[in-house]
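Shown below: final_11.csv, with CSV, C-alpha atoms.
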chain,number,residue,atom,x,y,z
P,1,VAL,CA,-9.0,83.5,8.3
P,2,ILE,CA,-10.4,84.9,11.6
P,3,LYS,CA,-11.8,88.5,11.7
P,4,ASN,CA,-11.8,91.2,14.2
P,5,THR,CA,-9.6,89.8,16.9
P,6,LEU,CA,-5.9,89.9,17.9
P,7,ASN,CA,-6.2,86.5,19.6
P,8,PRO,CA,-7.9,84.2,17.1
P,9,THR,CA,-8.7,80.5,17.5
P,10,TRP,CA,-8.7,78.8,14.2
P,11,LYS,CA,-11.1,76.0,13.4
P,12,GLN,CA,-9.7,72.5,13.7
P,13,VAL,CA,-8.2,71.2,10.4
P,14,LYS,CA,-7.5,67.7,9.3
P,15,ILE,CA,-4.5,67.2,7.0
P,16,ALA,CA,-3.3,63.9,5.5
P,17,VAL,CA,0.2,63.2,6.9
P,18,GLY,CA,1.4,62.4,3.4
P,19,VAL,CA,0.5,65.9,2.3
P,20,LEU,CA,1.7,67.7,5.4
P,21,CYS,CA,5.1,66.0,5.9
P,22,GLY,CA,5.5,63.2,3.4
P,23,GLY,CA,5.0,60.7,6.2
P,24,ASP,CA,8.0,61.9,8.3
P,25,LEU,CA,6.8,63.2,11.6
P,26,ASP,CA,10.2,64.9,12.2
P,27,ARG,CA,10.3,66.8,9.0
P,28,ALA,CA,10.7,70.6,9.5
P,29,LEU,CA,7.7,72.7,8.8
P,30,ARG,CA,7.3,76.5,8.9
P,31,ILE,CA,4.1,78.2,10.0
P,32,ASP,CA,3.6,81.8,9.0
P,33,VAL,CA,1.0,84.0,10.6
P,34,PHE,CA,-0.2,87.0,8.7
P,35,ASP,CA,-2.2,90.2,9.3
P,36,TRP,CA,-4.6,90.6,6.4
P,37,ASP,CA,-5.0,94.2,5.1
P,38,LYS,CA,-7.9,95.2,2.9
P,39,ASN,CA,-6.0,97.6,0.7
P,40,SER,CA,-2.5,96.0,0.6
P,41,ASP,CA,-0.7,92.8,0.8
P,42,PRO,CA,-0.8,90.8,4.1
P,43,ASP,CA,1.8,91.7,6.7
P,44,LEU,CA,3.8,89.0,8.3
P,45,ILE,CA,3.2,88.9,12.0
P,46,GLY,CA,5.7,86.1,12.7
P,47,GLN,CA,6.7,82.6,11.9
P,48,CYS,CA,7.9,79.5,13.7
P,49,GLN,CA,9.5,76.2,12.8
P,50,VAL,CA,8.0,73.0,14.0
P,51,THR,CA,7.5,69.3,13.2
P,52,THR,CA,4.4,67.3,12.9
P,53,ARG,CA,5.5,65.5,16.1
P,54,ASP,CA,5.6,68.9,17.9
P,55,LEU,CA,2.1,69.7,16.8
P,56,VAL,CA,0.8,66.3,17.9
P,57,THR,CA,2.6,66.6,21.3
P,58,GLY,CA,0.9,70.0,21.8
P,59,ALA,CA,2.9,73.1,22.7
P,60,SER,CA,3.3,76.8,22.4
P,61,PHE,CA,5.5,78.2,19.7
P,62,ALA,CA,7.0,81.8,19.7
P,63,LEU,CA,6.3,83.7,16.5
P,64,ILE,CA,9.4,85.5,15.3
P,65,ASN,CA,9.5,88.4,12.9
P,66,ALA,CA,13.1,88.5,11.6
P,67,LYS,CA,12.9,92.2,10.5
P,68,LYS,CA,11.5,93.4,13.8
P,69,LYS,CA,14.0,91.3,15.7
P,70,ALA,CA,16.9,92.8,13.7
P,71,LYS,CA,15.5,96.3,14.3
P,72,LYS,CA,14.8,96.0,18.0
P,73,GLY,CA,17.7,93.7,18.9
P,74,LYS,CA,17.7,92.5,22.6
P,75,LYS,CA,14.4,94.3,23.3
P,76,TYR,CA,12.6,92.0,21.0
P,77,SER,CA,11.2,88.7,22.3
P,78,ASP,CA,8.5,87.6,19.9
P,79,SER,CA,5.4,88.6,18.1
P,80,GLY,CA,3.1,86.5,20.0
P,81,LYS,CA,2.6,82.8,20.5
P,82,LEU,CA,1.0,80.1,18.4
P,83,VAL,CA,-0.7,77.7,20.8
P,84,VAL,CA,-1.8,74.2,19.8
P,85,LYS,CA,-5.0,73.7,21.8
P,86,ASN,CA,-5.4,70.1,20.8
P,87,ALA,CA,-4.0,67.7,18.2
P,88,LYS,CA,-4.1,64.0,17.4
P,89,LEU,CA,-2.7,61.6,15.0
P,90,GLU,CA,-5.3,59.2,13.4
P,91,LYS,CA,-4.2,55.9,12.0
P,92,GLY,CA,-5.5,55.0,8.5
P,93,PHE,CA,-5.0,51.5,7.3
P,94,SER,CA,-3.7,50.5,3.8
P,95,PHE,CA,-5.3,48.0,1.5
P,96,ILE,CA,-2.4,45.5,2.3
P,97,GLU,CA,-2.8,46.1,6.1
P,98,TYR,CA,-6.5,45.4,5.9
P,99,LEU,CA,-5.8,42.1,4.1
P,100,GLN,CA,-2.9,41.2,6.5
P,101,SER,CA,-5.3,41.7,9.4
P,102,GLY,CA,-7.7,39.1,8.1
P,103,TYR,CA,-10.1,41.1,6.0
P,104,GLN,CA,-11.7,39.2,3.1
P,105,LEU,CA,-12.1,40.8,-0.4
P,106,ASN,CA,-15.6,41.4,-1.7
P,107,LEU,CA,-16.4,42.7,-5.2
P,108,MET,CA,-19.4,45.0,-5.9
P,109,CYS,CA,-20.4,46.0,-9.4
P,110,ALA,CA,-22.3,49.1,-10.6
P,111,VAL,CA,-23.4,49.8,-14.2
P,112,ASP,CA,-24.3,53.1,-15.8
P,113,PHE,CA,-27.8,53.0,-17.5
P,114,THR,CA,-28.0,56.7,-18.4
P,115,ALA,CA,-29.3,57.8,-21.8
P,116,SER,CA,-26.0,59.1,-23.0
P,117,ASN,CA,-25.1,55.5,-23.7
P,118,GLY,CA,-27.5,55.5,-26.6
P,119,THR,CA,-30.7,53.5,-27.2
P,120,PRO,CA,-29.9,49.8,-26.6
P,121,SER,CA,-31.7,48.7,-29.7
P,122,PHE,CA,-29.4,50.8,-31.9
P,123,THR,CA,-26.1,49.2,-33.0
P,124,ASN,CA,-24.1,52.3,-32.1
P,125,SER,CA,-25.2,52.1,-28.5
P,126,LEU,CA,-22.7,51.1,-25.8
P,127,HIS,CA,-25.5,48.9,-24.4
P,128,TYR,CA,-26.4,47.2,-27.7
P,129,VAL,CA,-26.5,43.5,-27.1
P,130,SER,CA,-25.3,41.3,-29.9
P,131,ALA,CA,-25.4,37.5,-30.2
P,132,TYR,CA,-21.9,37.6,-31.7
P,133,THR,CA,-19.8,40.3,-29.9
P,134,PRO,CA,-20.0,41.6,-26.3
P,135,ASN,CA,-20.7,45.3,-26.0
P,136,ALA,CA,-18.4,47.7,-24.0
P,137,TYR,CA,-20.1,47.1,-20.7
P,138,GLN,CA,-20.1,43.3,-21.1
P,139,GLN,CA,-16.4,43.5,-22.0
P,140,ALA,CA,-15.6,45.5,-18.9
P,141,ILE,CA,-17.7,43.4,-16.6
P,142,SER,CA,-16.1,40.2,-17.9
P,143,ALA,CA,-12.5,41.4,-18.2
P,144,VAL,CA,-12.1,43.4,-15.0
P,145,GLY,CA,-14.7,41.7,-13.0
P,146,ARG,CA,-13.4,38.2,-13.5
P,147,VAL,CA,-9.9,39.2,-12.4
P,148,LEU,CA,-11.1,41.0,-9.3
P,149,LEU,CA,-13.4,38.1,-8.5
P,150,GLU,CA,-10.4,35.8,-8.2
P,151,TYR,CA,-9.7,37.5,-4.8
P,152,ASP,CA,-13.4,37.4,-3.7
P,153,THR,CA,-13.9,34.6,-1.1
P,154,ASP,CA,-17.6,33.8,-1.6
P,155,LYS,CA,-17.9,34.8,-5.3
P,156,MET,CA,-21.2,36.4,-4.6
P,157,VAL,CA,-21.4,39.9,-6.1
P,158,PRO,CA,-23.7,42.7,-5.0
P,159,ALA,CA,-24.7,44.1,-8.5
P,160,PHE,CA,-26.4,47.4,-9.1
P,161,GLY,CA,-27.4,49.8,-11.8
P,162,PHE,CA,-27.9,53.6,-11.8
P,163,GLY,CA,-29.5,56.3,-14.0
P,164,ALA,CA,-32.5,54.3,-15.3
P,165,ARG,CA,-36.3,54.3,-15.1
P,166,LEU,CA,-37.5,50.9,-13.9
P,167,PRO,CA,-40.3,48.6,-14.9
P,168,PRO,CA,-43.1,48.1,-14.9
P,169,ASP,CA,-44.2,51.8,-15.3
P,170,HIS,CA,-40.8,53.4,-16.0
P,171,LYS,CA,-41.9,56.6,-14.2
P,172,LYS,CA,-39.3,56.9,-11.5
P,173,THR,CA,-35.6,57.4,-12.1
P,174,SER,CA,-33.4,55.3,-9.8
P,175,HIS,CA,-29.7,56.2,-9.1
P,176,CYS,CA,-29.1,52.9,-7.3
P,177,PHE,CA,-31.1,49.8,-8.0
P,178,ALA,CA,-30.4,46.1,-7.7
P,179,LEU,CA,-29.4,44.8,-11.1
P,180,ASN,CA,-31.6,41.7,-10.6
P,181,TYR,CA,-34.4,44.0,-9.4
P,182,ASN,CA,-34.4,42.2,-6.0
P,183,GLU,CA,-33.5,45.0,-3.6
P,184,ALA,CA,-33.7,42.6,-0.6
P,185,ALA,CA,-31.1,40.3,-2.2
P,186,PRO,CA,-29.0,42.2,-4.8
P,187,GLU,CA,-26.1,39.6,-4.8
P,188,VAL,CA,-25.7,37.4,-7.8
P,189,ALA,CA,-23.4,34.3,-8.3
P,190,GLY,CA,-20.2,35.4,-9.9
P,191,ILE,CA,-19.6,37.3,-13.1
P,192,ASP,CA,-22.0,35.0,-15.0
P,193,GLY,CA,-24.7,36.1,-12.6
P,194,VAL,CA,-23.8,39.8,-13.2
P,195,MET,CA,-23.9,39.3,-17.0
P,196,ALA,CA,-27.3,37.6,-16.8
P,197,ALA,CA,-28.7,40.3,-14.6
P,198,TYR,CA,-27.2,43.0,-16.8
P,199,SER,CA,-28.7,41.5,-20.0
P,200,ASN,CA,-32.2,41.4,-18.4
P,201,ALA,CA,-32.0,44.9,-17.0
P,202,VAL,CA,-30.8,46.5,-20.2
P,203,SER,CA,-33.7,44.9,-22.1
P,204,THR,CA,-36.3,46.0,-19.5
P,205,CYS,CA,-35.3,49.3,-18.0
P,206,GLN,CA,-35.5,52.7,-19.7
P,207,LEU,CA,-32.1,54.6,-20.0
P,208,TYR,CA,-32.4,58.0,-18.5
P,209,GLY,CA,-30.1,60.0,-16.2
P,210,PRO,CA,-28.3,62.0,-14.9
P,211,THR,CA,-25.0,60.3,-14.1
P,212,ASN,CA,-24.9,60.4,-10.3
P,213,PHE,CA,-22.3,58.5,-8.4
P,214,ALA,CA,-23.0,59.6,-4.9
P,215,PRO,CA,-26.0,57.3,-4.2
P,216,MET,CA,-24.0,54.3,-5.3
P,217,LEU,CA,-21.1,55.3,-3.1
P,218,ARG,CA,-23.6,55.6,-0.2
P,219,GLN,CA,-24.9,52.1,-1.0
P,220,ALA,CA,-21.3,50.8,-0.9
P,221,GLN,CA,-20.7,52.4,2.4
P,222,ALA,CA,-23.8,50.7,3.8
P,223,ILE,CA,-22.6,47.3,2.6
P,224,VAL,CA,-19.2,47.8,4.2
P,225,GLN,CA,-20.6,48.9,7.5
P,226,HIS,CA,-23.0,46.0,7.5
P,227,ARG,CA,-20.3,43.4,6.8
P,228,GLN,CA,-17.6,43.3,9.3
P,229,GLY,CA,-14.2,41.9,8.3
P,230,GLU,CA,-14.7,42.5,4.5
P,231,TYR,CA,-12.8,44.8,2.2
P,232,LEU,CA,-15.1,46.0,-0.6
P,233,VAL,CA,-13.9,46.8,-4.1
P,234,LEU,CA,-16.6,48.8,-6.0
P,235,LEU,CA,-16.3,48.4,-9.8
P,236,ILE,CA,-18.2,51.3,-11.5
P,237,ILE,CA,-18.5,51.1,-15.3
P,238,THR,CA,-19.7,54.4,-16.9
P,239,ASP,CA,-19.7,56.3,-20.1
P,240,GLY,CA,-19.4,59.9,-19.3
P,241,VAL,CA,-19.3,63.1,-17.2
P,242,ILE,CA,-20.4,62.9,-13.6
P,243,SER,CA,-23.4,65.0,-12.9
P,244,ASP,CA,-23.0,65.2,-9.1
P,245,TYR,CA,-19.2,65.7,-8.9
P,246,PRO,CA,-19.2,67.7,-5.6
P,247,ASN,CA,-21.4,65.2,-3.9
P,248,THR,CA,-19.3,62.3,-5.3
P,249,VAL,CA,-16.2,63.8,-3.8
P,250,GLU,CA,-18.0,64.2,-0.4
P,251,GLU,CA,-18.9,60.5,-0.4
P,252,LEU,CA,-15.4,59.5,-1.5
P,253,VAL,CA,-13.9,61.3,1.5
P,254,LYS,CA,-16.2,59.3,3.7
P,255,CYS,CA,-15.4,56.1,1.8
P,256,SER,CA,-11.7,56.6,2.4
P,257,LYS,CA,-12.2,56.1,6.1
P,258,LEU,CA,-13.7,52.6,5.4
P,259,PRO,CA,-12.2,49.3,4.2
P,260,MET,CA,-13.0,49.8,0.5
P,261,SER,CA,-11.6,50.9,-2.8
P,262,VAL,CA,-13.2,52.1,-6.0
P,263,VAL,CA,-12.3,51.1,-9.6
P,264,ILE,CA,-13.9,53.2,-12.3
P,265,VAL,CA,-13.8,52.0,-15.8
P,266,GLY,CA,-14.8,54.6,-18.5
P,267,VAL,CA,-16.2,53.1,-21.7
P,268,GLY,CA,-16.8,54.9,-25.0
P,269,ASP,CA,-15.3,58.1,-26.3
P,270,ALA,CA,-16.6,60.7,-23.9
P,271,ASP,CA,-14.4,63.3,-22.2
P,272,PHE,CA,-13.2,61.7,-18.9
P,273,THR,CA,-11.1,64.6,-17.7
P,274,GLN,CA,-13.4,65.3,-14.8
P,275,MET,CA,-13.5,61.6,-13.8
P,276,ASP,CA,-9.7,61.4,-13.9
P,277,GLN,CA,-9.6,64.0,-11.2
P,278,LEU,CA,-11.1,61.4,-8.8
P,279,ASP,CA,-8.0,59.3,-9.2
P,280,GLY,CA,-6.0,61.7,-7.0
P,281,ASP,CA,-2.8,61.3,-9.0
P,282,ASP,CA,-2.6,65.0,-9.6
P,283,GLY,CA,-3.3,66.1,-6.1
P,284,VAL,CA,-5.2,65.1,-2.9
P,285,LEU,CA,-8.9,64.9,-3.4
P,286,LYS,CA,-10.8,67.2,-1.0
P,287,ASP,CA,-14.5,67.8,-0.3
P,288,ARG,CA,-16.1,71.3,-0.4
P,289,ASN,CA,-15.1,71.9,3.2
P,290,GLY,CA,-11.4,71.1,2.5
P,291,ASN,CA,-11.4,67.7,4.1
P,292,PRO,CA,-9.0,65.4,2.3
P,293,VAL,CA,-9.4,61.7,1.5
P,294,LEU,CA,-7.7,59.7,4.2
P,295,ARG,CA,-6.5,57.2,1.6
P,296,ASP,CA,-6.1,57.3,-2.1
P,297,ILE,CA,-8.9,54.7,-2.9
P,298,VAL,CA,-9.9,55.5,-6.5
P,299,GLN,CA,-8.4,54.0,-9.6
P,300,VAL,CA,-9.7,55.2,-13.0
P,301,THR,CA,-9.2,53.3,-16.3
P,302,HIS,CA,-10.5,54.0,-19.8
P,303,CYS,CA,-11.7,51.6,-22.4
P,304,ALA,CA,-12.2,53.5,-25.7
P,305,SER,CA,-14.6,52.2,-28.4
P,306,GLN,CA,-13.2,49.3,-30.4
P,307,SER,CA,-14.1,47.6,-33.6
P,308,HIS,CA,-15.5,44.1,-33.3
P,309,ASN,CA,-12.2,42.4,-34.3
P,310,GLN,CA,-10.4,44.3,-31.6
P,311,SER,CA,-12.8,43.6,-28.8
P,312,THR,CA,-11.1,40.5,-27.3
P,313,ASN,CA,-7.7,42.2,-27.2
P,314,ALA,CA,-9.2,45.4,-25.8
P,315,ALA,CA,-10.9,43.5,-23.0
P,316,SER,CA,-7.7,41.6,-22.1
P,317,ASN,CA,-5.7,44.8,-22.1
P,318,LEU,CA,-8.3,46.6,-20.0
P,319,ALA,CA,-8.2,43.9,-17.4
P,320,VAL,CA,-4.4,43.9,-17.2
P,321,CYS,CA,-4.3,47.7,-17.0
P,322,ALA,CA,-7.0,48.1,-14.4
P,323,VAL,CA,-5.7,45.4,-12.1
P,324,GLN,CA,-2.1,46.3,-12.4
P,325,ARG,CA,-2.8,50.0,-11.6
P,326,PHE,CA,-5.0,48.9,-8.7
P,327,GLN,CA,-2.2,46.7,-7.3
P,328,ASN,CA,0.4,49.4,-7.8
P,329,LYS,CA,-1.7,52.0,-6.0
P,330,HIS,CA,-2.7,49.7,-3.1
P,331,GLY,CA,0.2,47.2,-2.9
P,332,GLY,CA,2.7,48.6,-0.5
P,333,VAL,CA,3.4,49.7,3.0
P,334,ASP,CA,6.8,50.7,4.4
P,335,GLY,CA,6.0,51.2,8.1
P,336,ARG,CA,6.1,55.0,7.9
P,337,HIS,CA,3.2,57.3,8.6
P,338,ASP,CA,1.8,58.0,5.1
P,339,GLY,CA,-1.1,59.5,3.2
P,340,ARG,CA,-3.5,57.1,4.9
P,341,ASP,CA,-2.9,58.7,8.3
P,342,SER,CA,-4.0,62.2,9.2
P,343,VAL,CA,-3.3,64.9,11.8
P,344,SER,CA,-6.1,67.0,13.3
P,345,VAL,CA,-4.9,70.3,14.7
P,346,CYS,CA,-6.6,73.3,16.4
P,347,CYS,CA,-4.4,76.4,17.1
P,348,MET,CA,-4.9,79.8,18.6
P,349,HIS,CA,-2.7,83.0,18.4
P,350,GLU,CA,-1.8,84.8,21.6
P,351,SER,CA,-0.8,88.4,20.6
P,352,ASN,CA,1.3,90.8,22.5
P,353,TRP,CA,0.6,93.5,19.9
P,354,SER,CA,-2.0,96.2,20.1
P,355,LYS,CA,-2.3,97.3,16.5
P,356,ALA,CA,-6.0,98.1,16.4
P,357,ASP,CA,-6.6,97.6,12.7
P,358,TRP,CA,-5.6,94.0,12.7
P,359,SER,CA,-8.8,92.3,11.7
P,360,ILE,CA,-7.9,89.1,10.0
P,361,ILE,CA,-5.1,86.7,10.7
P,362,LYS,CA,-4.1,84.0,8.3
P,363,VAL,CA,-2.0,80.9,8.8
P,364,ARG,CA,-0.1,79.2,6.0
P,365,MET,CA,2.2,76.2,6.3
P,366,LYS,CA,5.3,75.5,4.3
P,367,ASN,CA,7.4,72.3,4.0
P,368,LEU,CA,11.0,73.1,4.6
P,369,SER,CA,12.3,69.8,3.4
P,370,LYS,CA,14.2,69.7,0.1
If you convert what's in this file into structure tokens, what do you get?
Amino acid sequence: VIKNTLNPTWKQVKIAVGVLCGGDLDRALRIDVFDWDKNSDPDLIGQCQVTTRDLVTGASFALINAKKKAKKGKKYSDSGKLVVKNAKLEKGFSFIEYLQSGYQLNLMCAVDFTASNGTPSFTNSLHYVSAYTPNAYQQAISAVGRVLLEYDTDKMVPAFGFGARLPPDHKKTSHCFALNYNEAAPEVAGIDGVMAAYSNAVSTCQLYGPTNFAPMLRQAQAIVQHRQGEYLVLLIITDGVISDYPNTVEELVKCSKLPMSVVIVGVGDADFTQMDQLDGDDGVLKDRNGNPVLRDIVQVTHCASQSHNQSTNAASNLAVCAVQRFQNKHGGVDGRHDGRDSVSVCCMHESNWSKADWSIIKVRMKNLSK
């Protein structure tokens, strides 16, 4: 929306190709340009039919108002022009394409140590460590982690925790700390190394909060950018509502531009509705500025509380569910432009009208395909 001008230039927008045209650059689109009125419904200035390929090529499109054309007949030419000042198609790679180009898979693990998990010394805590039965976090680390680790080339896992106050003084809350307390070398050897570091951390740190994902996502980005030729799969195991949801979405939009994916496993019986939104299955995830994720990189799976005699089957089912859904989401490419690619477009309106009260002009785009 641009105010107080008959010849507005809109800010450049970035739209996922999968959202804009379903991956078909030649699919017909209709662009409507409106005059906004304060006290009534917006008035249609005109519309044009284009394709994504037309937008990328860059051109000028006549805006036609059918009612005015019918009224004026041959005297009517158009209601101004929609000019594409600049546009470009940016390629985004799929999970399969990264691996086909030689990228090696690397697993990263992050564990939630917030107070909502319950005091670890109490048997009803999700972090209660028993000599006989693994707790919810141990089940998830073992079940999902071991399967994902099969694809990891060096079997070394950067392992982190978040939401705890750390020893020795337990005064400062950390939203991203090395699970082995060695910030200079946070990698551990395989899932057994993760389990050992987890057991030590849960017995020495103080559970606190809140549940912030953004710092961990920034840590993951730093690892990806430091390690060329590796595709990172971040496994986050958590028990509840995300406290920094807007910041988390901001970071996921950035992550979608990098060779990485995020698998979130929810443990316990909390309400995971908000977390499910990160999955992107119900719509494209966008940050607060309207920028969409370049790829759908998040997979969310739940693991409800189980009785002791159900724990083994629960862990097995969790692993199968998480990995199958991960493979389904990331496991195909058909050669078309898809949701991983995006179009950046900047347009302006050249008006041949002189109606002085036009103060705001709005563009909306409609897919004409059936």
The residue from P:Val253, P:Met275, P:Leu232, P:Val267 with the smallest atom-to-atom distance to Gly290 in chain P, counting all atoms listed in the file, is P:Val253
Quick one: residues within 8 Å of Ser199 in chain P, only C-alpha atoms counted, chain neighbours fewer than 4 positions away excluded, as a PyMOL selection string? chain P and resi 129+195+203
Would you write out those residues with C-alpha atoms, as a CSV table (one decimal), keeping the file's coordinate frame?
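Once everything was written out, this is again_10.csv:
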chain,number,residue,atom,x,y,z
P,129,VAL,CA,-26.5,43.5,-27.1
P,195,MET,CA,-23.9,39.3,-17.0
P,203,SER,CA,-33.7,44.9,-22.1
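Using all atoms listed in the file, the residues found no farther than 8 Å from Asn180 in chain P, other than those of its own chain fewer than 4 positions away, are Ala159, Phe160, Pro186, Val188, Ala197, Tyr198, Asn200 and Ala201 of chain P.
In this structure, CA of Ala164 in chain P sits 20.8 Å away from CA of Ser130 in chain P.
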Give me, as a PyMOL selection string, all polymer residues having an atom no more than 8 Å from Leu252 in chain P, counting all atoms listed in the file and skipping those fewer than 3 positions away in the same chain. chain P and resi 217+248-249+255-256+293
Find the residues of range 74-127 of chain P that sit at most 8 Å from range 38-50 of chain P; for each, write down the nearest two atoms and how far apart they are in Å, to one decimal. Count all atoms listed in the file. Sort by chain, then by number going up, and give it as JSON lines.
{"residue": "P:Asp78", "atom": "CA", "partner": "P:Gly46", "partner_atom": "CA", "distance": 7.9}
{"residue": "P:Ser79", "atom": "CA", "partner": "P:Gly46", "partner_atom": "CA", "distance": 6.0}
{"residue": "P:Gly80", "atom": "CA", "partner": "P:Gly46", "partner_atom": "CA", "distance": 7.8}
Please determine, counting only C-alpha atoms, which residue among P:Lys72, P:Lys254, P:Lys172, P:Arg53 has the shortest atom-to-atom distance to Asp26 in chain P.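 Closest residue, counting only C-alpha atoms: P:Arg53.
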Nearest to Leu126 in chain P by atom-to-atom distance, counting only C-alpha atoms, from P:Gln12, P:Ile96, P:Val262, P:Asp239: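 Nearest to Leu126 in chain P: P:Asp239.
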Excluding Gly102 in chain P and its own-chain neighbours fewer than 4 positions away, which residues fall within 9 Å of it when counting all atoms listed in the file? Please give them as a compact mmCIF listing (two decimals) with C-alpha atoms, in the coordinates of the input.
# COMPACT_ATOMS: atom_id res chain seq x y z
CA GLU P 97 -2.80 46.10 6.10
CA TYR P 98 -6.50 45.40 5.90
CA GLY P 229 -14.20 41.90 8.30
CA GLU P 230 -14.70 42.50 4.50
Which residues are near Gln219 in chain P? Cut-off 10 Å, all atoms listed in the file, ignore same chain within fewer than 4 positions. Put them as a ChimeraX atom specification. /P:160,176-177,214-215,223-224
Identify the residues around (-9.2, 60.6, -12.4) within a radius of 12 Å, measuring from all atoms listed in the file in the coordinates stated by the file, and give them as a PyMOL selection string. chain P and resi 241-242+245+249+262-266+271-285+296-302
Atom pair CA of Asn7 in chain P / CA of Asp35 in chain P: separation (Å):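 Value for the CA of Asn7 in chain P-CA of Asp35 in chain P distance: 11.7 Å.
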Would you list the residues near (-8.3, 47.9, 3.4) (no more than 8 Å away, in the coordinates of the file, using only C-alpha atoms) as a PDB file with C-alpha atoms, keeping the file's coordinate frame?
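Final output, saved to result.pdb:
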ATOM      1  CA  PHE P  93      -5.000  51.500   7.300  1.00  0.00           C
ATOM      2  CA  SER P  94      -3.700  50.500   3.800  1.00  0.00           C
ATOM      3  CA  PHE P  95      -5.300  48.000   1.500  1.00  0.00           C
ATOM      4  CA  ILE P  96      -2.400  45.500   2.300  1.00  0.00           C
ATOM      5  CA  GLU P  97      -2.800  46.100   6.100  1.00  0.00           C
ATOM      6  CA  TYR P  98      -6.500  45.400   5.900  1.00  0.00           C
ATOM      7  CA  LEU P  99      -5.800  42.100   4.100  1.00  0.00           C
ATOM      8  CA  TYR P 103     -10.100  41.100   6.000  1.00  0.00           C
ATOM      9  CA  TYR P 231     -12.800  44.800   2.200  1.00  0.00           C
ATOM     10  CA  LEU P 258     -13.700  52.600   5.400  1.00  0.00           C
ATOM     11  CA  PRO P 259     -12.200  49.300   4.200  1.00  0.00           C
ATOM     12  CA  MET P 260     -13.000  49.800   0.500  1.00  0.00           C
ATOM     13  CA  SER P 261     -11.600  50.900  -2.800  1.00  0.00           C
TER      14      SER P 261
END
Counting all atoms listed in the file, closest pick from P:Ser243, P:Ser77, P:Gln139, P:Ser174 relative to Phe162 in chain P is P:Ser174
Can you sort out range 132-136 of chain P so it carries all heavy atoms, written as a PDB file, in the frame of the given file?
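Once everything was written out, this is out.pdb:
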ATOM      1  N   TYR P 132     -23.217  37.999 -31.169  1.00  0.00           N
ATOM      2  CA  TYR P 132     -21.900  37.600 -31.700  1.00  0.00           C
ATOM      3  C   TYR P 132     -20.736  38.284 -30.926  1.00  0.00           C
ATOM      4  O   TYR P 132     -19.672  37.675 -30.732  1.00  0.00           O
ATOM      5  CB  TYR P 132     -21.790  37.911 -33.159  1.00  0.00           C
ATOM      6  CG  TYR P 132     -22.897  37.298 -33.969  1.00  0.00           C
ATOM      7  CD1 TYR P 132     -23.960  38.075 -34.399  1.00  0.00           C
ATOM      8  CD2 TYR P 132     -22.899  35.938 -34.284  1.00  0.00           C
ATOM      9  CE1 TYR P 132     -24.992  37.514 -35.139  1.00  0.00           C
ATOM     10  CE2 TYR P 132     -23.938  35.371 -35.021  1.00  0.00           C
ATOM     11  CZ  TYR P 132     -24.985  36.161 -35.438  1.00  0.00           C
ATOM     12  OH  TYR P 132     -26.002  35.612 -36.158  1.00  0.00           O
ATOM     13  N   THR P 133     -20.936  39.554 -30.533  1.00  0.00           N
ATOM     14  CA  THR P 133     -19.800  40.300 -29.900  1.00  0.00           C
ATOM     15  C   THR P 133     -20.307  41.021 -28.675  1.00  0.00           C
ATOM     16  O   THR P 133     -21.338  41.696 -28.710  1.00  0.00           O
ATOM     17  CB  THR P 133     -19.289  41.354 -30.924  1.00  0.00           C
ATOM     18  OG1 THR P 133     -18.930  40.710 -32.150  1.00  0.00           O
ATOM     19  CG2 THR P 133     -18.063  42.051 -30.345  1.00  0.00           C
ATOM     20  N   PRO P 134     -19.580  40.883 -27.569  1.00  0.00           N
ATOM     21  CA  PRO P 134     -20.000  41.600 -26.300  1.00  0.00           C
ATOM     22  C   PRO P 134     -19.842  43.093 -26.505  1.00  0.00           C
ATOM     23  O   PRO P 134     -18.931  43.570 -27.184  1.00  0.00           O
ATOM     24  CB  PRO P 134     -19.008  41.040 -25.291  1.00  0.00           C
ATOM     25  CG  PRO P 134     -17.813  40.594 -26.069  1.00  0.00           C
ATOM     26  CD  PRO P 134     -18.358  40.081 -27.373  1.00  0.00           C
ATOM     27  N   ASN P 135     -20.758  43.837 -25.898  1.00  0.00           N
ATOM     28  CA  ASN P 135     -20.700  45.300 -26.000  1.00  0.00           C
ATOM     29  C   ASN P 135     -19.633  45.800 -24.951  1.00  0.00           C
ATOM     30  O   ASN P 135     -19.006  45.019 -24.231  1.00  0.00           O
ATOM     31  CB  ASN P 135     -22.035  45.952 -25.749  1.00  0.00           C
ATOM     32  CG  ASN P 135     -22.605  45.703 -24.359  1.00  0.00           C
ATOM     33  OD1 ASN P 135     -21.881  45.563 -23.377  1.00  0.00           O
ATOM     34  ND2 ASN P 135     -23.940  45.649 -24.271  1.00  0.00           N
ATOM     35  N   ALA P 136     -19.447  47.124 -24.903  1.00  0.00           N
ATOM     36  CA  ALA P 136     -18.400  47.700 -24.000  1.00  0.00           C
ATOM     37  C   ALA P 136     -18.609  47.365 -22.580  1.00  0.00           C
ATOM     38  O   ALA P 136     -17.649  47.094 -21.849  1.00  0.00           O
ATOM     39  CB  ALA P 136     -18.387  49.227 -24.238  1.00  0.00           C
TER      40      ALA P 136
END
